[in-house]
$ cat target.pdb   # PDB, C-alpha atoms, pLDDT in the B column
ATOM      1  CA  MET W 397      55.647  76.383 187.896  1.00 58.00           C
ATOM      2  CA  SER W 398      52.337  76.246 189.688  1.00 74.00           C
ATOM      3  CA  TYR W 399      51.633  76.356 193.395  1.00 77.00           C
ATOM      4  CA  PHE W 400      50.363  72.808 193.200  1.00 83.00           C
ATOM      5  CA  LYS W 401      53.787  71.507 192.283  1.00 84.00           C
ATOM      6  CA  ALA W 402      55.133  72.540 195.705  1.00 87.00           C
ATOM      7  CA  MET W 403      52.141  70.911 197.350  1.00 90.00           C
ATOM      8  CA  GLN W 404      52.646  67.683 195.424  1.00 89.00           C
ATOM      9  CA  ILE W 405      56.289  67.523 196.430  1.00 91.00           C
ATOM     10  CA  SER W 406      55.388  68.086 200.089  1.00 93.00           C
ATOM     11  CA  SER W 407      52.677  65.459 199.775  1.00 92.00           C
ATOM     12  CA  SER W 408      55.268  62.941 198.634  1.00 93.00           C
ATOM     13  CA  GLY W 409      57.274  63.814 201.749  1.00 94.00           C
ATOM     14  CA  LEU W 410      54.206  63.199 203.912  1.00 94.00           C
ATOM     15  CA  SER W 411      53.631  59.785 202.357  1.00 93.00           C
ATOM     16  CA  ALA W 412      57.283  58.845 202.771  1.00 95.00           C
ATOM     17  CA  GLN W 413      57.330  59.826 206.455  1.00 95.00           C
ATOM     18  CA  ARG W 414      54.111  57.901 207.074  1.00 94.00           C
ATOM     19  CA  LEU W 415      55.625  54.785 205.528  1.00 95.00           C
ATOM     20  CA  ARG W 416      58.707  55.263 207.692  1.00 96.00           C
ATOM     21  CA  MET W 417      56.400  55.532 210.709  1.00 96.00           C
ATOM     22  CA  ASN W 418      54.818  52.199 209.789  1.00 95.00           C
ATOM     23  CA  VAL W 419      58.219  50.531 209.615  1.00 96.00           C
ATOM     24  CA  LEU W 420      59.288  52.027 212.955  1.00 96.00           C
ATOM     25  CA  SER W 421      56.066  50.831 214.573  1.00 96.00           C
ATOM     26  CA  ALA W 422      56.714  47.342 213.208  1.00 95.00           C
ATOM     27  CA  ASN W 423      60.214  47.450 214.681  1.00 95.00           C
ATOM     28  CA  LEU W 424      58.941  48.528 218.081  1.00 95.00           C
ATOM     29  CA  ALA W 425      56.167  45.957 218.131  1.00 95.00           C
ATOM     30  CA  ASN W 426      58.576  43.144 217.213  1.00 93.00           C
ATOM     31  CA  ALA W 427      61.371  44.204 219.550  1.00 92.00           C
ATOM     32  CA  GLN W 428      61.139  40.895 221.398  1.00 91.00           C
ATOM     33  CA  SER W 429      60.084  38.531 218.610  1.00 90.00           C
ATOM     34  CA  THR W 430      62.413  35.560 218.641  1.00 90.00           C
ATOM     35  CA  ARG W 431      60.660  33.914 215.696  1.00 88.00           C
ATOM     36  CA  GLY W 432      60.767  36.062 212.578  1.00 84.00           C
ATOM     37  CA  ASP W 433      62.045  35.565 209.050  1.00 79.00           C
ATOM     38  CA  ASN W 434      63.487  32.157 208.112  1.00 82.00           C
ATOM     39  CA  GLY W 435      63.170  30.835 211.638  1.00 80.00           C
ATOM     40  CA  GLY W 436      65.590  33.371 213.120  1.00 87.00           C
ATOM     41  CA  PRO W 437      64.653  36.319 215.306  1.00 91.00           C
ATOM     42  CA  TYR W 438      63.070  39.479 213.852  1.00 92.00           C
ATOM     43  CA  ARG W 439      65.660  41.610 212.098  1.00 93.00           C
ATOM     44  CA  ARG W 440      65.280  45.392 212.317  1.00 94.00           C
ATOM     45  CA  ARG W 441      64.120  47.015 209.113  1.00 94.00           C
ATOM     46  CA  ASP W 442      64.791  50.484 207.751  1.00 94.00           C
ATOM     47  CA  VAL W 443      63.440  52.455 204.783  1.00 95.00           C
ATOM     48  CA  VAL W 444      65.500  53.734 201.871  1.00 95.00           C
ATOM     49  CA  PHE W 445      64.506  57.185 200.571  1.00 94.00           C
ATOM     50  CA  SER W 446      65.254  58.271 197.042  1.00 93.00           C
ATOM     51  CA  ALA W 447      64.905  61.601 195.263  1.00 92.00           C
ATOM     52  CA  ILE W 448      63.055  61.080 191.991  1.00 88.00           C
ATOM     53  CA  PRO W 449      61.913  63.581 189.364  1.00 82.00           C
ATOM     54  CA  THR W 450      58.538  65.146 189.974  1.00 79.00           C
ATOM     55  CA  GLY W 451      57.061  64.628 186.523  1.00 69.00           C
ATOM     56  CA  GLU W 452      54.695  61.676 186.322  1.00 64.00           C
ATOM     57  CA  LYS W 453      52.375  62.242 183.433  1.00 64.00           C
ATOM     58  CA  PHE W 454      53.368  62.511 179.806  1.00 64.00           C
ATOM     59  CA  GLN W 455      52.438  66.198 179.902  1.00 64.00           C
ATOM     60  CA  ASP W 456      55.182  66.774 182.467  1.00 62.00           C
ATOM     61  CA  TYR W 457      57.655  65.074 180.173  1.00 61.00           C
ATOM     62  CA  LEU W 458      56.617  67.418 177.396  1.00 64.00           C
ATOM     63  CA  ASP W 459      57.008  70.387 179.703  1.00 64.00           C
ATOM     64  CA  GLY W 460      60.544  69.362 180.415  1.00 61.00           C
ATOM     65  CA  THR W 461      60.097  68.853 184.150  1.00 56.00           C
ATOM     66  CA  GLN W 462      61.441  65.324 183.795  1.00 55.00           C
ATOM     67  CA  ASN W 463      64.973  66.674 183.590  1.00 56.00           C
ATOM     68  CA  SER W 464      64.605  69.447 186.136  1.00 69.00           C
ATOM     69  CA  GLU W 465      66.364  69.635 189.445  1.00 75.00           C
ATOM     70  CA  LEU W 466      63.044  69.564 191.284  1.00 81.00           C
ATOM     71  CA  LYS W 467      62.842  66.190 192.958  1.00 86.00           C
ATOM     72  CA  LYS W 468      60.294  64.563 195.190  1.00 90.00           C
ATOM     73  CA  VAL W 469      60.959  61.795 197.647  1.00 92.00           C
ATOM     74  CA  GLU W 470      59.925  58.174 197.371  1.00 92.00           C
ATOM     75  CA  VAL W 471      60.590  55.060 199.401  1.00 93.00           C
ATOM     76  CA  ILE W 472      62.305  52.707 196.994  1.00 93.00           C
ATOM     77  CA  GLY W 473      62.825  49.854 199.392  1.00 93.00           C
ATOM     78  CA  ILE W 474      62.904  48.475 202.888  1.00 93.00           C
ATOM     79  CA  HIS W 475      66.225  46.900 203.818  1.00 93.00           C
ATOM     80  CA  LYS W 476      67.146  44.798 206.827  1.00 92.00           C
ATOM     81  CA  ASP W 477      69.677  45.996 209.350  1.00 91.00           C
ATOM     82  CA  PRO W 478      72.704  43.684 209.159  1.00 91.00           C
ATOM     83  CA  SER W 479      73.977  44.323 212.707  1.00 92.00           C
ATOM     84  CA  GLU W 480      74.383  41.561 215.263  1.00 92.00           C
ATOM     85  CA  PHE W 481      71.538  40.116 217.263  1.00 91.00           C
ATOM     86  CA  ARG W 482      71.477  40.503 221.024  1.00 91.00           C
ATOM     87  CA  ARG W 483      72.158  37.315 222.955  1.00 92.00           C
ATOM     88  CA  THR W 484      70.823  36.512 226.409  1.00 92.00           C
ATOM     89  CA  PHE W 485      71.313  33.401 228.454  1.00 93.00           C
ATOM     90  CA  ASP W 486      67.953  31.709 228.982  1.00 90.00           C
ATOM     91  CA  PRO W 487      68.007  27.897 228.700  1.00 90.00           C
ATOM     92  CA  ALA W 488      64.318  27.590 229.569  1.00 91.00           C
ATOM     93  CA  HIS W 489      63.266  29.586 226.470  1.00 90.00           C
ATOM     94  CA  PRO W 490      61.758  27.407 223.695  1.00 90.00           C
ATOM     95  CA  ASP W 491      64.019  29.118 221.130  1.00 87.00           C
ATOM     96  CA  ALA W 492      67.256  28.670 223.079  1.00 88.00           C
ATOM     97  CA  ASP W 493      70.133  27.104 221.142  1.00 87.00           C
ATOM     98  CA  LYS W 494      72.443  24.289 222.329  1.00 89.00           C
ATOM     99  CA  GLN W 495      74.445  26.552 224.681  1.00 91.00           C
ATOM    100  CA  GLY W 496      71.249  27.965 226.192  1.00 92.00           C
ATOM    101  CA  TYR W 497      71.527  31.384 224.527  1.00 92.00           C
ATOM    102  CA  VAL W 498      68.547  33.107 222.904  1.00 92.00           C
ATOM    103  CA  ASN W 499      68.992  35.484 219.944  1.00 91.00           C
ATOM    104  CA  LEU W 500      66.877  38.607 220.421  1.00 92.00           C
ATOM    105  CA  PRO W 501      66.117  41.150 217.669  1.00 93.00           C
ATOM    106  CA  ASN W 502      68.661  43.908 217.008  1.00 93.00           C
ATOM    107  CA  VAL W 503      66.062  46.604 217.800  1.00 93.00           C
ATOM    108  CA  GLN W 504      67.133  49.356 220.212  1.00 93.00           C
ATOM    109  CA  VAL W 505      63.980  50.834 221.673  1.00 93.00           C
ATOM    110  CA  MET W 506      65.542  54.238 222.381  1.00 95.00           C
ATOM    111  CA  THR W 507      66.838  54.529 218.806  1.00 94.00           C
ATOM    112  CA  GLU W 508      63.403  53.712 217.426  1.00 95.00           C
ATOM    113  CA  MET W 509      61.758  56.294 219.716  1.00 95.00           C
ATOM    114  CA  VAL W 510      64.156  59.006 218.529  1.00 97.00           C
ATOM    115  CA  ASN W 511      63.542  57.968 214.907  1.00 96.00           C
ATOM    116  CA  MET W 512      59.818  58.259 215.534  1.00 96.00           C
ATOM    117  CA  LEU W 513      60.332  61.791 216.847  1.00 97.00           C
ATOM    118  CA  THR W 514      62.302  62.650 213.690  1.00 96.00           C
ATOM    119  CA  ALA W 515      59.602  61.187 211.458  1.00 96.00           C
ATOM    120  CA  THR W 516      56.904  63.134 213.302  1.00 97.00           C
ATOM    121  CA  ARG W 517      58.797  66.428 213.018  1.00 97.00           C
ATOM    122  CA  ALA W 518      59.514  65.816 209.339  1.00 96.00           C
ATOM    123  CA  PHE W 519      55.812  65.101 208.762  1.00 95.00           C
ATOM    124  CA  GLU W 520      54.842  68.331 210.507  1.00 96.00           C
ATOM    125  CA  ALA W 521      57.438  70.275 208.536  1.00 96.00           C
ATOM    126  CA  ASN W 522      56.004  69.004 205.238  1.00 95.00           C
ATOM    127  CA  ALA W 523      52.462  69.813 206.357  1.00 94.00           C
ATOM    128  CA  THR W 524      53.584  73.356 207.246  1.00 95.00           C
ATOM    129  CA  ALA W 525      55.161  73.666 203.803  1.00 94.00           C
ATOM    130  CA  ILE W 526      51.799  72.800 202.212  1.00 93.00           C
ATOM    131  CA  ASP W 527      50.041  75.375 204.377  1.00 93.00           C
ATOM    132  CA  ASP W 528      52.541  78.058 203.441  1.00 93.00           C
ATOM    133  CA  ALA W 529      52.232  77.278 199.732  1.00 92.00           C
ATOM    134  CA  LYS W 530      48.472  77.635 200.081  1.00 92.00           C
ATOM    135  CA  GLN W 531      48.908  80.959 201.907  1.00 92.00           C
ATOM    136  CA  MET W 532      51.132  82.167 199.080  1.00 92.00           C
ATOM    137  CA  ALA W 533      48.554  81.239 196.470  1.00 90.00           C
ATOM    138  CA  LEU W 534      45.705  82.896 198.355  1.00 89.00           C
ATOM    139  CA  ARG W 535      47.784  86.015 198.909  1.00 92.00           C
ATOM    140  CA  ALA W 536      48.583  86.198 195.216  1.00 89.00           C
ATOM    141  CA  LEU W 537      44.865  86.240 194.519  1.00 86.00           C
ATOM    142  CA  GLU W 538      44.570  89.419 196.578  1.00 87.00           C
ATOM    143  CA  ILE W 539      46.729  91.363 194.178  1.00 86.00           C
ATOM    144  CA  GLY W 540      44.781  94.171 192.589  1.00 74.00           C
ATOM    145  CA  ARG W 541      41.558  93.354 194.443  1.00 72.00           C
TER
ATOM    146  CA  MET R1334      61.722  51.341 158.903  1.00 50.00           C
ATOM    147  CA  SER R1335      62.362  52.351 162.479  1.00 58.00           C
ATOM    148  CA  ILE R1336      61.349  55.634 164.030  1.00 57.00           C
ATOM    149  CA  SER R1337      64.985  56.668 164.385  1.00 56.00           C
ATOM    150  CA  ASN R1338      65.235  56.940 160.621  1.00 57.00           C
ATOM    151  CA  VAL R1339      62.418  59.492 160.523  1.00 59.00           C
ATOM    152  CA  PHE R1340      63.546  61.774 163.374  1.00 57.00           C
ATOM    153  CA  SER R1341      67.154  62.608 163.770  1.00 69.00           C
ATOM    154  CA  SER R1342      67.092  63.353 167.495  1.00 74.00           C
ATOM    155  CA  LYS R1343      64.992  63.137 170.622  1.00 76.00           C
ATOM    156  CA  GLU R1344      64.405  66.900 170.518  1.00 78.00           C
ATOM    157  CA  GLN R1345      62.741  66.602 167.122  1.00 79.00           C
ATOM    158  CA  ILE R1346      60.341  64.003 168.453  1.00 78.00           C
ATOM    159  CA  LEU R1347      59.503  66.210 171.440  1.00 81.00           C
ATOM    160  CA  ASP R1348      58.973  69.268 169.239  1.00 82.00           C
ATOM    161  CA  THR R1349      56.668  67.374 166.904  1.00 81.00           C
ATOM    162  CA  LEU R1350      54.652  66.007 169.810  1.00 82.00           C
ATOM    163  CA  LYS R1351      54.349  69.451 171.377  1.00 83.00           C
ATOM    164  CA  SER R1352      53.076  70.986 168.154  1.00 83.00           C
ATOM    165  CA  ILE R1353      50.570  68.158 167.705  1.00 81.00           C
ATOM    166  CA  GLN R1354      49.337  68.655 171.244  1.00 81.00           C
ATOM    167  CA  LYS R1355      48.934  72.404 170.712  1.00 82.00           C
ATOM    168  CA  ASP R1356      46.927  71.792 167.539  1.00 79.00           C
ATOM    169  CA  VAL R1357      44.656  69.318 169.265  1.00 76.00           C
ATOM    170  CA  GLU R1358      44.022  71.702 172.149  1.00 74.00           C
ATOM    171  CA  GLN R1359      43.214  74.592 169.822  1.00 68.00           C
ATOM    172  CA  SER R1360      40.901  72.560 167.604  1.00 64.00           C
ATOM    173  CA  LYS R1361      38.965  71.285 170.621  1.00 64.00           C
ATOM    174  CA  LEU R1362      38.053  74.754 171.853  1.00 56.00           C
ATOM    175  CA  SER R1363      37.225  76.740 168.683  1.00 52.00           C
ATOM    176  CA  PRO R1364      35.024  75.295 165.982  1.00 55.00           C
ATOM    177  CA  ASN R1365      37.004  77.180 163.330  1.00 55.00           C
ATOM    178  CA  LYS R1366      40.695  76.411 163.573  1.00 51.00           C
ATOM    179  CA  ASN R1367      41.764  79.697 162.036  1.00 51.00           C
ATOM    180  CA  ASP R1368      40.163  81.835 164.785  1.00 58.00           C
ATOM    181  CA  ASP R1369      42.160  82.892 167.813  1.00 67.00           C
ATOM    182  CA  LEU R1370      40.885  81.499 171.097  1.00 73.00           C
ATOM    183  CA  SER R1371      38.394  83.997 172.489  1.00 83.00           C
ATOM    184  CA  PHE R1372      38.023  84.869 176.115  1.00 79.00           C
ATOM    185  CA  ILE R1373      34.825  82.873 176.396  1.00 82.00           C
ATOM    186  CA  ASP R1374      36.638  79.688 175.326  1.00 87.00           C
ATOM    187  CA  HIS R1375      39.300  80.179 177.987  1.00 85.00           C
ATOM    188  CA  LEU R1376      36.663  80.849 180.621  1.00 84.00           C
ATOM    189  CA  TYR R1377      34.660  77.803 179.581  1.00 89.00           C
ATOM    190  CA  GLN R1378      37.706  75.552 179.769  1.00 90.00           C
ATOM    191  CA  ALA R1379      38.705  77.057 183.115  1.00 88.00           C
ATOM    192  CA  THR R1380      35.249  76.470 184.598  1.00 91.00           C
ATOM    193  CA  LYS R1381      35.328  72.860 183.501  1.00 93.00           C
ATOM    194  CA  ASP R1382      38.744  72.379 185.109  1.00 91.00           C
ATOM    195  CA  VAL R1383      37.603  73.968 188.366  1.00 92.00           C
ATOM    196  CA  ASN R1384      34.554  71.717 188.383  1.00 94.00           C
ATOM    197  CA  LYS R1385      36.827  68.730 187.857  1.00 92.00           C
ATOM    198  CA  THR R1386      38.957  69.647 190.884  1.00 92.00           C
ATOM    199  CA  GLN R1387      35.825  70.046 193.005  1.00 94.00           C
ATOM    200  CA  VAL R1388      34.523  66.644 191.942  1.00 95.00           C
ATOM    201  CA  ILE R1389      37.888  65.027 192.656  1.00 93.00           C
ATOM    202  CA  ALA R1390      38.025  66.607 196.127  1.00 93.00           C
ATOM    203  CA  ASP R1391      34.500  65.421 196.847  1.00 94.00           C
ATOM    204  CA  SER R1392      35.176  61.855 195.761  1.00 93.00           C
ATOM    205  CA  LYS R1393      38.398  61.753 197.810  1.00 92.00           C
ATOM    206  CA  ALA R1394      36.478  62.919 200.890  1.00 92.00           C
ATOM    207  CA  VAL R1395      33.893  60.182 200.359  1.00 92.00           C
ATOM    208  CA  GLU R1396      36.668  57.593 199.974  1.00 91.00           C
ATOM    209  CA  LEU R1397      38.284  58.738 203.202  1.00 91.00           C
ATOM    210  CA  SER R1398      35.050  58.610 205.201  1.00 90.00           C
ATOM    211  CA  THR R1399      34.093  55.159 203.899  1.00 91.00           C
ATOM    212  CA  GLY R1400      37.569  53.943 204.824  1.00 87.00           C
ATOM    213  CA  ARG R1401      38.645  52.846 201.356  1.00 83.00           C
ATOM    214  CA  ASN R1402      41.583  55.248 201.100  1.00 78.00           C
ATOM    215  CA  GLY R1403      43.129  56.180 204.432  1.00 73.00           C
ATOM    216  CA  ASN R1404      45.433  58.834 203.005  1.00 83.00           C
ATOM    217  CA  ILE R1405      44.374  61.874 204.968  1.00 88.00           C
ATOM    218  CA  HIS R1406      46.864  64.282 203.485  1.00 88.00           C
ATOM    219  CA  GLU R1407      45.911  63.383 199.919  1.00 89.00           C
ATOM    220  CA  THR R1408      42.308  64.294 200.708  1.00 92.00           C
ATOM    221  CA  MET R1409      43.333  67.583 202.334  1.00 91.00           C
ATOM    222  CA  LEU R1410      45.555  68.375 199.364  1.00 91.00           C
ATOM    223  CA  ALA R1411      42.700  67.808 196.913  1.00 92.00           C
ATOM    224  CA  ALA R1412      40.434  70.014 199.051  1.00 93.00           C
ATOM    225  CA  THR R1413      43.081  72.776 199.127  1.00 91.00           C
ATOM    226  CA  GLN R1414      43.517  72.608 195.361  1.00 90.00           C
ATOM    227  CA  ALA R1415      39.761  72.853 194.864  1.00 93.00           C
ATOM    228  CA  GLU R1416      39.575  75.830 197.217  1.00 91.00           C
ATOM    229  CA  ILE R1417      42.373  77.737 195.495  1.00 91.00           C
ATOM    230  CA  SER R1418      40.948  77.010 192.022  1.00 91.00           C
ATOM    231  CA  LEU R1419      37.520  78.209 193.051  1.00 92.00           C
ATOM    232  CA  ASN R1420      38.915  81.381 194.611  1.00 91.00           C
ATOM    233  CA  LEU R1421      40.884  82.067 191.469  1.00 89.00           C
ATOM    234  CA  ILE R1422      37.903  81.738 189.156  1.00 91.00           C
ATOM    235  CA  VAL R1423      35.804  83.949 191.438  1.00 91.00           C
ATOM    236  CA  GLN R1424      38.486  86.626 191.258  1.00 90.00           C
ATOM    237  CA  ILE R1425      38.587  86.326 187.468  1.00 87.00           C
ATOM    238  CA  ARG R1426      34.832  86.748 187.383  1.00 89.00           C
ATOM    239  CA  ASN R1427      35.155  89.874 189.537  1.00 90.00           C
ATOM    240  CA  LYS R1428      37.759  91.306 187.194  1.00 89.00           C
ATOM    241  CA  ALA R1429      35.628  90.570 184.157  1.00 88.00           C
ATOM    242  CA  LEU R1430      32.631  92.253 185.770  1.00 91.00           C
ATOM    243  CA  GLU R1431      34.752  95.263 186.656  1.00 92.00           C
ATOM    244  CA  ALA R1432      35.972  95.543 183.085  1.00 91.00           C
ATOM    245  CA  TYR R1433      32.394  95.293 181.796  1.00 92.00           C
ATOM    246  CA  ASN R1434      31.178  97.981 184.188  1.00 94.00           C
ATOM    247  CA  GLU R1435      34.067 100.224 183.204  1.00 94.00           C
ATOM    248  CA  ILE R1436      33.088  99.910 179.562  1.00 93.00           C
ATOM    249  CA  MET R1437      29.418 100.557 180.303  1.00 94.00           C
ATOM    250  CA  ARG R1438      30.362 103.691 182.207  1.00 94.00           C
ATOM    251  CA  MET R1439      32.000 105.201 179.151  1.00 92.00           C
ATOM    252  CA  PRO R1440      29.981 108.132 177.836  1.00 89.00           C
ATOM    253  CA  VAL R1441      28.792 107.612 174.310  1.00 82.00           C
TER
END

$ encode --input "target.pdb" --output "C-alpha cells"
Amino acid sequence: MSYFKAMQISSSGLSAQRLRMNVLSANLANAQSTRGDNGGPYRRRDVVFSAIPTGEKFQDYLDGTQNSELKKVEVIGIHKDPSEFRRTFDPAHPDADKQGYVNLPNVQVMTEMVNMLTATRAFEANATAIDDAKQMALRALEIGR
Amino acid sequence: MSISNVFSSKEQILDTLKSIQKDVEQSKLSPNKNDDLSFIDHLYQATKDVNKTQVIADSKAVELSTGRNGNIHETMLAATQAEISLNLIVQIRNKALEAYNEIMRMPV
C-alpha cells in the first residue's frame, strides 16, 4: 500500500466536500426563490455520499484492492428535501395563490450556515490528512541517510 | 464456446491475467527474457516513472493557471506526488553512490 493511496482517498474527500459546498451555496442563494422547479418554489437540495472501493484502474483490480475494506467517498446523487414549504400571507406577491399565501423555499438559513461550517472543517481535515501522509513519506526517506 | 468453459473460476482468470502481465513487464525491460532484471533496468524504469509524474504535475499546474481545470487540490496532490518521487530517486542515487564508493575503497 503506497503513500499515494492515502492521498487519493483524502483527495476524494476534498472533492466531495467541495461539491457539498456548491450545493449549500445554491441553497443559500435560492432561499427566497418562489419560482423554481416545475413552477413551484425552490426545494432545498442535499448531497448523498457513498463509500466506494478505491480501485479504479484494471491494475487495481488485479492487485485485489477492489475487494478491500479501503473505501473512498463519492457523491452519488443530489436529492431534494421533501419537507414542507414555508407559507407566508402576502396577497400582493405575483406568486400568491387563491387564498393569498405564498410558498417559500424550505431552506433554513441557520441550518445551511452550520452545514457550511461542517463542510469547511471536513475539507480542512482531509487537507491535513494529505499533509500528514506527505510528512510520513518524507520522513521514511530519511531512514538510513 | 464461452469463456466460462475454458476457466473454471474467476480466480483462474485473475491468475492467468496476472502471469501474462508479469511476462509482458519482464519482456519489456530486458532484451533477453531469460535474464533476471538488472539494477540498471529498475533504475531506468524508475527514472521514466518519476519523469512522468513531473510532467503530469506540470501540465496540471498549467491547466489550473489557464482556468481549464479549477481543481486546486488535484494540482497540489500531483505536485506532492512529483516531489516525493523525486526525493525518493535522489535518495536511491545517493545510496548507489555510497555503495560504489564503498566498493572502490576496498583494498585490492

$ closest_residue --input "target.pdb" --among "W:Val498, W:Leu424, W:Leu537, W:Ala402" --to "chain R" --atoms "only C-alpha atoms"
W:Leu537

$ interface_residues --input "target.pdb" --of "chain R" --to "chain W" --cutoff "8 Å" --atoms "only C-alpha atoms" --output "list in words"
Leu1347, Leu1350, Lys1351, His1406, Glu1407, Leu1410, Thr1413, Gln1414, Ile1417, Asn1420, Leu1421 and Gln1424 of chain R

$ closest_residue --input "target.pdb" --among "W:Gly436, W:Pro449, W:Gly496, W:Gly473" --to "Val419 in chain W" --atoms "only C-alpha atoms"
W:Gly473

$ atom_distance --input "target.pdb" --atom1 "CA of Ser1392 in chain R" --atom2 "CA of Thr1380 in chain R"
18.4 Å

$ resolve_selection --input "target.pdb" --expression "the PyMOL selection byres ((chain W and resi 470) around 6)" --output "list in words"
Phe445, Ser446, Val469, Val471 and Ile472 of chain W

$ atom_distance --input "target.pdb" --atom1 "CA of Leu1397 in chain R" --atom2 "CA of Lys1381 in chain R"
24.4 Å

$ residues_around --input "target.pdb" --residues "Ser479 in chain W" --least-positions-apart "3" --cutoff "9 Å" --atoms "only C-alpha atoms" --output "ChimeraX atom specification"
/W:439-440,502

$ closest_residue --input "target.pdb" --among "W:Glu520, W:Glu508, W:Asp528, W:Glu480" --to "Met417 in chain W" --atoms "all atoms listed in the file"
W:Glu508

$ closest_residue --input "target.pdb" --among "W:Ala529, W:Ile448, W:Ile474, W:Ala521" --to "Asn418 in chain W" --atoms "all atoms listed in the file"
W:Ile474

$ atom_distance --input "target.pdb" --atom1 "CA of Ala412 in chain W" --atom2 "CA of Met1409 in chain R"
16.5 Å

$ decode --input "target.pdb" --residues "range 1367-1387 of chain R" --atoms "N, CA and C atoms" --output "short mmCIF file (atom, residue, chain, number, x, y, z; two decimals), in the first residue's frame"
data_model
loop_
_atom_site.label_atom_id
_atom_site.label_comp_id
_atom_site.auth_asym_id
_atom_site.auth_seq_id
_atom_site.Cartn_x
_atom_site.Cartn_y
_atom_site.Cartn_z
N ASN R 1367 15.36 -14.52 -20.61
CA ASN R 1367 15.82 -15.45 -19.58
C ASN R 1367 16.67 -14.76 -18.53
N ASP R 1368 17.14 -13.52 -18.79
CA ASP R 1368 17.96 -12.83 -17.79
C ASP R 1368 17.08 -12.30 -16.66
N ASP R 1369 17.65 -12.23 -15.47
CA ASP R 1369 16.97 -11.52 -14.39
C ASP R 1369 17.07 -10.03 -14.65
N LEU R 1370 16.10 -9.27 -14.14
CA LEU R 1370 16.14 -7.83 -14.30
C LEU R 1370 17.32 -7.27 -13.53
N SER R 1371 18.20 -6.54 -14.22
CA SER R 1371 19.35 -5.97 -13.52
C SER R 1371 18.96 -4.66 -12.88
N PHE R 1372 19.88 -4.17 -12.06
CA PHE R 1372 19.60 -2.94 -11.33
C PHE R 1372 19.40 -1.78 -12.28
N ILE R 1373 20.15 -1.80 -13.41
CA ILE R 1373 20.06 -0.67 -14.32
C ILE R 1373 18.67 -0.59 -14.96
N ASP R 1374 18.05 -1.77 -15.18
CA ASP R 1374 16.70 -1.76 -15.75
C ASP R 1374 15.70 -1.15 -14.78
N HIS R 1375 15.83 -1.54 -13.50
CA HIS R 1375 14.93 -0.97 -12.50
C HIS R 1375 15.08 0.53 -12.42
N LEU R 1376 16.36 0.96 -12.42
CA LEU R 1376 16.63 2.40 -12.29
C LEU R 1376 16.08 3.17 -13.48
N TYR R 1377 16.26 2.57 -14.67
CA TYR R 1377 15.77 3.21 -15.89
C TYR R 1377 14.25 3.38 -15.83
N GLN R 1378 13.58 2.29 -15.46
CA GLN R 1378 12.12 2.34 -15.37
C GLN R 1378 11.68 3.36 -14.33
N ALA R 1379 12.40 3.39 -13.20
CA ALA R 1379 12.04 4.31 -12.12
C ALA R 1379 12.20 5.76 -12.57
N THR R 1380 13.30 6.03 -13.30
CA THR R 1380 13.51 7.41 -13.77
C THR R 1380 12.41 7.83 -14.72
N LYS R 1381 12.01 6.90 -15.59
CA LYS R 1381 10.92 7.25 -16.51
C LYS R 1381 9.63 7.54 -15.75
N ASP R 1382 9.35 6.76 -14.71
CA ASP R 1382 8.12 7.00 -13.95
C ASP R 1382 8.17 8.34 -13.23
N VAL R 1383 9.35 8.66 -12.66
CA VAL R 1383 9.47 9.94 -11.96
C VAL R 1383 9.27 11.09 -12.94
N ASN R 1384 9.86 10.95 -14.13
CA ASN R 1384 9.69 11.98 -15.15
C ASN R 1384 8.22 12.14 -15.52
N LYS R 1385 7.51 10.98 -15.58
CA LYS R 1385 6.09 11.06 -15.91
C LYS R 1385 5.32 11.84 -14.85
N THR R 1386 5.62 11.59 -13.57
CA THR R 1386 4.91 12.33 -12.52
C THR R 1386 5.20 13.82 -12.60
N GLN R 1387 6.47 14.16 -12.93
CA GLN R 1387 6.81 15.59 -13.04
C GLN R 1387 6.03 16.24 -14.17
#
